[in-house]
Amino acid sequence: MNLSSLTFLVAGLPVLLLCYYFMPNKGKQAALLTASFIFYGWGSPLRVLYLAACILFDYGIGLLLEHWREKKTLSCAVLAAAAVVHTAAMVWVRNAEATALLYPFGFAIYTLQGLGYLIAVYRGRHPAAVNLLHLALYLSFFPILYMGPMTTYLEFSEQIRRNHSSIVHLSEGLALYIRGLAEKVVLADTFGYVFRELRQTNGMSMLTAWLTTITFSLYLYFEMLGVSEMARGLGKCFGLELPRNFSQPFFRSTVTGFMQSWNITLVLWFQTNFRYFLFGSRHKKWQKYAILILMWILIGAWYGLTLQFLLWGLAVGVLLTLDQLVLEKVFRKNFVAGMLYTGIVMQFVWVLFFGDSLSETGSIWAAMLGFGNGLIDKHGVYFFTSYIALLLIGMYIATDLFRNITERLHSTKWGKILHVFQPVLYGLLMLFCVASMLYGDRVQGFWLRL
């Protein structure tokens, strides 16, 4: 079961909300934890064993770090050992075929959150959790297990204690969840459908290659954005404010601007718990960029332990270094040139993200540069003419322009009228999402042509 499944939408979510809001305040946290374990173990209850082991491990290590806070050498050794255990477990889970039945989805998220919690205890940012329920809920809170957004234990535990859930939070949260659901099942799934069709092309032309990379970047963006927004919406239903994970990255004038708006909480985690924690902020210029590149290689490894992902992280790190050394100064005076540069170079970088091998990546790059099967072909022309309207809509929604116009609309006369009919509009949007989930590729292929 996942956040965008029909089972969760029509059964799991209504039952959970009813139980939560009719539950006495003292039992709400236990209800959320129970729901998280049921959600996590759906289809394979053995998965819960791995999650429970991680929770107990982090709970015990946190208490040790708190107890030995004044013994820096000993506490540092404990933290280092815990980091090695977490990393080794992540590598093993991703590579061991024997874990198929208990394969713990979301383990990359709660591994980072657990490590972040231990590092914060070691640094004295907050005391170790004494209440096991709070830590267990922080690590297993089901909305964030797929793609985040991640948060710190301090922020999460403070909100849990306040318990500010209300009908207002519920209505705002459901609206945000439905928007995220539409971004996932309507936009992301549709762009994914187009991407799969394009990728099956043998001997890509230049047009087909560019369409393939553009649809993939839009698919990945709306997939991750949609799931993150659904998580934020569900969090708000339970009185929790989770941070934004994406902020309209497309059409930025630098790669730095793009990546600062992409998977924000993940990048922030690596900056806080790797770059600054291990290396500090005072070092030579060449060391600064070497650490930056290494950090992005590790982020690539977090996405996947393959050469392609490592090279993707390396490419992003090098581009960010080039930005900070030269290009930010140049494009500060010429926004359009910077926007074109960023848009083009990021499409080449995304090929590393989805390519299965270096040979496939090289062939797609060659086609993008005009060295493939000519400049255009019938396949590329068909998809271009069929889906150009949706591509433009998707790129527009992924920009700051869309957000700015939407925010301004709320304060106008038409915005106030739309606000009155908001429940009806969100109800219709949810019905459209359900139809898209029921009919899958048939709906996606049909409505794209409208």
# chains A, B, ... in the order shown; residues from 1 in each chain; ligands from 1
call {"tool": "select_by_dssp", "arguments": {"residues": "region 7-42 of chain A", "states": "alpha helix (DSSP H)", "output": "list in words"}}
result
Thr7, Leu13, Pro14, Val15, Leu16, Leu17, Leu18, Cys19, Tyr20, Tyr21, Phe22, Asn25, Lys26, Gly27, Lys28, Gln29, Ala30, Ala31, Leu32, Leu33, Thr34, Ala35, Ser36, Phe37, Ile38, Phe39, Tyr40 and Gly41 of chain A
call {"tool": "residues_around", "arguments": {"residues": "Ala77 (chain A)", "least_positions_apart": "3", "cutoff": "12 Å", "atoms": "only C-alpha atoms", "output": "JSON, numbers by chain"}}
result
{"A": [61, 64, 65, 68, 69, 71, 72, 73, 74, 80, 81, 82, 83, 84, 122]}
call {"tool": "closest_residue", "arguments": {"among": "A:Met368, A:Leu132, A:Met150, A:Ile291", "to": "Ala231 (chain A)", "atoms": "only C-alpha atoms"}}
result
A:Met150
call {"tool": "closest_residue", "arguments": {"among": "A:Leu307, A:Leu115, A:Ala398, A:Leu79", "to": "Glu66 (chain A)", "atoms": "only C-alpha atoms"}}
result
A:Leu79
call {"tool": "closest_residue", "arguments": {"among": "A:Ser5, A:Asn95, A:Ser140, A:Thr254", "to": "Ala53 (chain A)", "atoms": "only C-alpha atoms"}}
result
A:Ser140
